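Engineer: The file below is query-v4.cif, mmCIF, C-alpha atoms:
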```cif
data_work
#
loop_
_atom_site.label_atom_id
_atom_site.label_comp_id
_atom_site.auth_asym_id
_atom_site.auth_seq_id
_atom_site.Cartn_x
_atom_site.Cartn_y
_atom_site.Cartn_z
CA MET A 140 15.54 -16.44 -0.59
CA SER A 141 13.04 -13.88 0.64
CA LEU A 142 11.93 -10.85 -1.37
CA PHE A 143 13.70 -8.50 1.02
CA SER A 144 16.77 -10.55 1.84
CA GLU A 145 19.27 -8.87 4.11
CA GLU A 146 22.26 -10.11 2.13
CA LYS A 147 22.95 -8.99 -1.41
CA GLU A 148 26.05 -9.52 -3.49
CA GLY A 149 28.14 -10.58 -0.51
CA ILE A 150 27.38 -7.51 1.59
CA ALA A 151 25.54 -8.44 4.77
CA LEU A 152 23.42 -5.79 6.44
CA ASP A 153 23.72 -6.09 10.21
CA ARG A 154 20.40 -5.02 11.72
CA ASN A 155 21.99 -4.31 15.11
CA ARG A 156 24.44 -1.77 13.64
CA ARG A 157 21.84 0.40 11.95
CA SER A 158 21.50 3.77 13.56
CA PRO A 159 18.49 6.08 13.75
CA ALA A 160 20.32 8.29 11.24
CA PHE A 161 20.25 5.41 8.75
CA ALA A 162 16.50 4.99 9.28
CA VAL A 163 15.81 8.71 8.90
CA ALA A 164 17.95 9.01 5.76
CA LEU A 165 16.46 5.92 4.15
CA GLY A 166 12.97 6.99 5.18
CA GLY A 167 13.45 10.42 3.68
CA MET A 168 14.65 9.06 0.36
CA LEU A 169 11.94 6.42 0.15
CA ALA A 170 9.27 8.93 1.20
CA ALA A 171 10.35 11.35 -1.53
CA LEU A 172 10.21 8.52 -4.06
CA ALA A 173 6.79 7.44 -2.80
CA VAL A 174 5.35 10.97 -3.06
CA VAL A 175 6.65 11.26 -6.63
CA ILE A 176 5.09 7.89 -7.45
CA MET A 177 1.78 8.98 -5.92
CA CYS A 178 1.89 12.19 -7.96
CA LEU A 179 2.20 10.09 -11.12
CA GLY A 180 -1.15 8.48 -10.32
CA GLY A 181 -3.10 11.12 -12.20
CA LEU A 182 -1.41 10.40 -15.54
CA ILE A 183 -2.84 6.97 -16.30
CA PRO A 184 -6.26 5.88 -15.00
CA ILE A 185 -5.11 2.47 -13.72
CA ALA A 186 -2.26 4.17 -11.84
CA THR A 187 -4.86 5.17 -9.22
CA TYR A 188 -4.56 1.62 -7.93
CA VAL A 189 -1.01 0.75 -9.02
CA CYS A 190 0.76 3.66 -7.33
CA PRO A 191 -0.52 2.83 -3.81
CA ILE A 192 0.61 -0.79 -4.30
CA VAL A 193 4.11 0.33 -5.32
CA CYS A 194 4.23 2.65 -2.30
CA SER A 195 3.15 -0.25 -0.08
CA MET A 196 6.12 -2.20 -1.38
CA LEU A 197 8.37 0.72 -0.41
CA LEU A 198 6.77 0.60 3.04
CA ALA A 199 7.65 -3.10 3.23
CA VAL A 200 11.29 -2.20 2.55
CA MET A 201 11.15 0.44 5.27
CA LEU A 202 9.59 -2.06 7.70
CA LYS A 203 12.18 -4.71 6.95
CA LEU A 204 15.21 -2.45 7.25
CA CYS A 205 14.16 0.00 9.99
CA GLY A 206 11.41 -1.62 12.06
CA ARG A 207 7.78 -1.01 12.88
CA ARG A 208 8.14 2.38 14.56
CA PHE A 209 9.92 4.01 11.63
CA ALA A 210 7.55 2.26 9.20
CA TRP A 211 4.51 3.83 10.90
CA ALA A 212 6.17 7.25 10.81
CA TRP A 213 7.04 6.77 7.13
CA TYR A 214 3.46 5.75 6.34
CA ALA A 215 2.08 8.85 8.10
CA VAL A 216 4.46 11.20 6.27
CA VAL A 217 3.78 9.69 2.84
CA GLY A 218 0.03 9.62 3.50
CA ILE A 219 -0.06 13.29 4.48
CA LEU A 220 2.22 14.46 1.67
CA SER A 221 0.47 12.44 -1.01
CA SER A 222 -2.90 13.77 0.19
CA LEU A 223 -1.58 17.31 -0.12
CA PHE A 224 0.42 17.11 -3.35
CA SER A 225 -1.02 14.28 -5.42
CA PRO A 226 -3.42 15.40 -8.14
CA ASP A 227 -5.18 12.04 -7.85
CA LYS A 228 -7.04 12.29 -4.53
CA GLU A 229 -8.63 8.85 -5.02
CA GLY A 230 -5.18 7.24 -5.27
CA ALA A 231 -4.02 9.11 -2.16
CA ALA A 232 -7.12 7.91 -0.31
CA VAL A 233 -6.47 4.31 -1.42
CA PHE A 234 -2.97 4.60 0.04
CA LEU A 235 -4.31 6.09 3.28
CA PHE A 236 -6.81 3.25 3.73
CA LEU A 237 -4.79 0.28 2.45
CA GLY A 238 -1.15 1.41 2.39
CA TYR A 239 -0.27 0.25 5.90
CA TYR A 240 -0.98 -3.39 5.03
CA PRO A 241 2.72 -4.43 5.15
CA ILE A 242 2.77 -3.37 8.82
CA LEU A 243 -0.54 -5.13 9.57
CA LYS A 244 0.29 -8.33 7.65
CA PRO A 245 2.45 -10.02 10.34
CA VAL A 246 -0.37 -9.53 12.87
CA LEU A 247 -2.95 -11.04 10.52
CA ASP A 248 -0.62 -13.92 9.59
CA ARG A 249 -0.54 -15.06 13.23
CA ARG A 250 -4.33 -15.24 13.48
CA ARG A 251 -6.51 -18.22 12.89
CA PHE A 252 -8.51 -17.94 9.64
CA ARG A 253 -5.99 -15.38 8.35
CA TRP A 254 -7.45 -15.37 4.81
CA LEU A 255 -10.83 -14.41 6.22
CA TRP A 256 -9.34 -11.56 8.28
CA LYS A 257 -7.35 -10.30 5.32
CA GLY A 258 -10.42 -10.38 3.10
CA LEU A 259 -12.47 -8.55 5.73
CA TYR A 260 -9.73 -5.95 6.09
CA PHE A 261 -9.54 -5.29 2.35
CA ASN A 262 -13.26 -5.31 1.58
CA GLY A 263 -14.17 -3.34 4.71
CA SER A 264 -11.54 -0.73 3.91
CA ILE A 265 -12.75 -0.41 0.32
CA VAL A 266 -16.39 -0.01 1.38
CA VAL A 267 -15.56 2.64 3.99
CA LEU A 268 -13.14 4.41 1.63
CA TYR A 269 -15.61 4.79 -1.23
CA TRP A 270 -18.49 5.63 1.07
CA LEU A 271 -16.41 8.49 2.48
CA LEU A 272 -15.28 9.61 -0.97
CA LEU A 273 -18.82 9.64 -2.34
CA ARG A 274 -20.86 10.82 0.65
CA LEU A 275 -18.59 13.07 2.67
CA LEU A 276 -16.16 14.41 0.08
CA GLY A 277 -18.73 14.53 -2.71
CA MET A 278 -16.58 13.30 -5.56
CA GLY A 279 -19.21 13.68 -8.28
CA GLN A 280 -17.02 12.40 -11.11
CA LEU A 281 -16.42 9.18 -9.18
CA ALA A 282 -20.17 8.69 -8.66
CA GLU A 283 -20.72 9.23 -12.39
CA ASP A 284 -18.00 6.70 -13.24
CA PHE A 285 -19.63 4.16 -10.92
CA ARG A 286 -23.04 4.74 -12.55
CA ASP A 287 -21.50 4.17 -15.98
CA LEU A 288 -19.95 0.90 -14.80
CA GLY A 289 -23.19 -0.46 -13.39
CA LEU A 290 -23.54 -3.07 -10.68
CA ALA A 291 -21.85 -5.83 -12.69
CA GLY A 292 -18.84 -3.62 -13.39
CA LEU A 293 -18.50 -2.64 -9.74
CA VAL A 294 -18.67 -6.28 -8.62
CA LEU A 295 -16.06 -7.21 -11.24
CA MET A 296 -13.79 -4.38 -10.03
CA LEU A 297 -14.16 -5.57 -6.44
CA ILE A 298 -13.29 -9.15 -7.44
CA MET A 299 -10.24 -7.95 -9.38
CA GLY A 300 -9.25 -5.77 -6.41
CA ASN A 301 -9.41 -8.81 -4.13
CA LEU A 302 -7.29 -10.80 -6.57
CA VAL A 303 -4.64 -8.07 -6.71
CA PHE A 304 -4.73 -7.71 -2.92
CA PHE A 305 -4.08 -11.40 -2.35
CA LEU A 306 -1.31 -11.36 -4.98
CA LEU A 307 0.26 -8.47 -3.05
CA ASP A 308 -0.07 -10.56 0.11
CA ARG A 309 1.82 -13.41 -1.54
CA LEU A 310 4.46 -11.04 -2.85
CA LEU A 311 4.99 -9.59 0.63
CA SER A 312 5.33 -13.15 1.97
CA GLY A 313 8.10 -13.91 -0.51
CA ARG A 314 6.21 -16.85 -1.98
CA PHE A 315 7.13 -16.07 -5.58
CA ARG A 316 10.44 -17.87 -5.51
CA ARG A 317 12.27 -19.31 -8.44
CA LYS A 318 12.78 -23.05 -8.09
#
```
What is this structure when it is put down as structure tokens?
Structural biologist:
Amino acid sequence: MSLFSEEKEGIALDRNRRSPAFAVALGGMLAALAVVIMCLGGLIPIATYVCPIVCSMLLAVMLKLCGRRFAWAWYAVVGILSSLFSPDKEGAAVFLFLGYYPILKPVLDRRRFRWLWKGLYFNGSIVVLYWLLLRLLGMGQLAEDFRDLGLAGLVLMLIMGNLVFFLLDRLLSGRFRRK
């Protein structure tokens, strides 16, 4: 049974009967929840990375139930609102750069050498994200944190980020099934 199965407790959801009103209502509720989750990112330091992952899972629900077009619209709305209202701008930027992965995943899964493409996507996005945060937006506290970590700490963080990214990929694939 897939992570986002369309049948739960005997109630089957017919994808052909869903109206645009359903998609807008669901999108509005999930977007409000996602913005609240992104605003919680400033409370706990690790939440900078956890909150965008949780919001990506909400995007996967939106994609599964409402389709690609509504999922892109949902992603844009949550990205803009979390950039405006979230006290943790780094977390909002992580969502902006990596949050659309559930929409991109089916495209990458059809490609040859998909693990290579997924790794390039993640690592390239991280490099561009932090270059922009440090160079263009001048987040001095972030630069100081990186200096305190040192090169070994940054490499370890990147390795752990890759591990979490590929675990998210497996979770989105529904490969964590109980046997």
Engineer: Taking the file as I've supplied it (selection: the PyMOL selection byres ((chain A and resi 200) around 12)), which residues are included? Please answer as an mmCIF file with C-alpha atoms, in the coordinates of the input.
Structural biologist:
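Below is the file out-v7.cif, written as the result:
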```cif
data_model
loop_
_atom_site.group_PDB
_atom_site.id
_atom_site.type_symbol
_atom_site.label_atom_id
_atom_site.label_comp_id
_atom_site.auth_asym_id
_atom_site.auth_seq_id
_atom_site.Cartn_x
_atom_site.Cartn_y
_atom_site.Cartn_z
ATOM 1 C CA SER A 141 13.040 -13.880 0.640
ATOM 2 C CA LEU A 142 11.930 -10.850 -1.370
ATOM 3 C CA PHE A 143 13.700 -8.500 1.020
ATOM 4 C CA SER A 144 16.770 -10.550 1.840
ATOM 5 C CA GLU A 145 19.270 -8.870 4.110
ATOM 6 C CA ALA A 162 16.500 4.990 9.280
ATOM 7 C CA LEU A 165 16.460 5.920 4.150
ATOM 8 C CA GLY A 166 12.970 6.990 5.180
ATOM 9 C CA MET A 168 14.650 9.060 0.360
ATOM 10 C CA LEU A 169 11.940 6.420 0.150
ATOM 11 C CA ALA A 170 9.270 8.930 1.200
ATOM 12 C CA ALA A 173 6.790 7.440 -2.800
ATOM 13 C CA VAL A 193 4.110 0.330 -5.320
ATOM 14 C CA CYS A 194 4.230 2.650 -2.300
ATOM 15 C CA SER A 195 3.150 -0.250 -0.080
ATOM 16 C CA MET A 196 6.120 -2.200 -1.380
ATOM 17 C CA LEU A 197 8.370 0.720 -0.410
ATOM 18 C CA LEU A 198 6.770 0.600 3.040
ATOM 19 C CA ALA A 199 7.650 -3.100 3.230
ATOM 20 C CA MET A 201 11.150 0.440 5.270
ATOM 21 C CA LEU A 202 9.590 -2.060 7.700
ATOM 22 C CA LYS A 203 12.180 -4.710 6.950
ATOM 23 C CA LEU A 204 15.210 -2.450 7.250
ATOM 24 C CA CYS A 205 14.160 0.000 9.990
ATOM 25 C CA GLY A 206 11.410 -1.620 12.060
ATOM 26 C CA ARG A 207 7.780 -1.010 12.880
ATOM 27 C CA PHE A 209 9.920 4.010 11.630
ATOM 28 C CA ALA A 210 7.550 2.260 9.200
ATOM 29 C CA TRP A 213 7.040 6.770 7.130
ATOM 30 C CA TYR A 214 3.460 5.750 6.340
ATOM 31 C CA PRO A 241 2.720 -4.430 5.150
ATOM 32 C CA ILE A 242 2.770 -3.370 8.820
ATOM 33 C CA LEU A 311 4.990 -9.590 0.630
#
```
Engineer: Quick one, how far is CA of Trp256 in chain A from CA of Trp211 in chain A?
Structural biologist: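 For CA of Trp256 in chain A relative to CA of Trp211 in chain A, the distance reads 20.9 Å.
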Engineer: Using only C-alpha atoms, which residues sit within 9 Å of range 290-306 of chain A once same-chain residues fewer than 3 positions away are excluded, as a PyMOL selection string?
Structural biologist: chain A and resi 188+192+254+257-258+261-262+265+285-287+309-311
Engineer: Would you write out those residues with C-alpha atoms, as an mmCIF file, in the coordinates of the input?
Structural biologist:
```cif
data_model
loop_
_atom_site.group_PDB
_atom_site.id
_atom_site.type_symbol
_atom_site.label_atom_id
_atom_site.label_comp_id
_atom_site.auth_asym_id
_atom_site.auth_seq_id
_atom_site.Cartn_x
_atom_site.Cartn_y
_atom_site.Cartn_z
ATOM 1 C CA TYR A 188 -4.560 1.620 -7.930
ATOM 2 C CA ILE A 192 0.610 -0.790 -4.300
ATOM 3 C CA TRP A 254 -7.450 -15.370 4.810
ATOM 4 C CA LYS A 257 -7.350 -10.300 5.320
ATOM 5 C CA GLY A 258 -10.420 -10.380 3.100
ATOM 6 C CA PHE A 261 -9.540 -5.290 2.350
ATOM 7 C CA ASN A 262 -13.260 -5.310 1.580
ATOM 8 C CA ILE A 265 -12.750 -0.410 0.320
ATOM 9 C CA PHE A 285 -19.630 4.160 -10.920
ATOM 10 C CA ARG A 286 -23.040 4.740 -12.550
ATOM 11 C CA ASP A 287 -21.500 4.170 -15.980
ATOM 12 C CA ARG A 309 1.820 -13.410 -1.540
ATOM 13 C CA LEU A 310 4.460 -11.040 -2.850
ATOM 14 C CA LEU A 311 4.990 -9.590 0.630
#
```
Engineer: Provide the CA of Arg249 in chain A to CA of Ser312 in chain A distance in Å, to one decimal place.
Structural biologist: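 According to the coordinates, CA of Arg249 in chain A and CA of Ser312 in chain A are separated by 12.8 Å.
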Engineer: Hey, can you check how far CA of Ala171 in chain A sits from CA of Ser221 in chain A?
Structural biologist: 10.0 Å
Engineer: Please determine, counting all atoms listed in the file, which residue among A:Gly167, A:Arg157, A:Phe224, A:Glu229 has the shortest atom-to-atom distance to Gly277 in chain A.
Structural biologist: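 Smallest separation from Gly277 in chain A among the options: A:Glu229.
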Engineer: Which of these, A:Asp284, A:Leu243, A:Leu237, A:Arg251, has the shortest distance to Gly263 in chain A once you count only C-alpha atoms?
Structural biologist: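 Result for the nearest residue to Gly263 in chain A: A:Leu237.
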Engineer: When distances are computed from all atoms listed in the file, which of A:Leu259, A:Ala160, A:Val233, A:Ile219 shows the smallest separation from Thr187 in chain A?
Structural biologist: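 Closest residue, counting all atoms listed in the file: A:Val233.
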Engineer: Between A:Ile176, A:Leu288, A:Ala282, A:Val189, single out the one closest to Trp270 in chain A, counting all atoms listed in the file.
Structural biologist: A:Ala282
Engineer: Which residues, written as number ranges by chain, have at least one atom at most 9 Å from Leu220 in chain A, with only C-alpha atoms counted and residues fewer than 5 positions away on the same chain left out?
Structural biologist: A: 170, 174, 215, 225
Engineer: Can you work out which one of A:Pro191, A:Ala232, A:Asp227, A:Val217 has the shortest atom-to-atom distance to Leu272 in chain A, counting all atoms listed in the file?
Structural biologist: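 Ranking A:Pro191, A:Ala232, A:Asp227, A:Val217 by distance to Leu272 in chain A, first place goes to A:Ala232.
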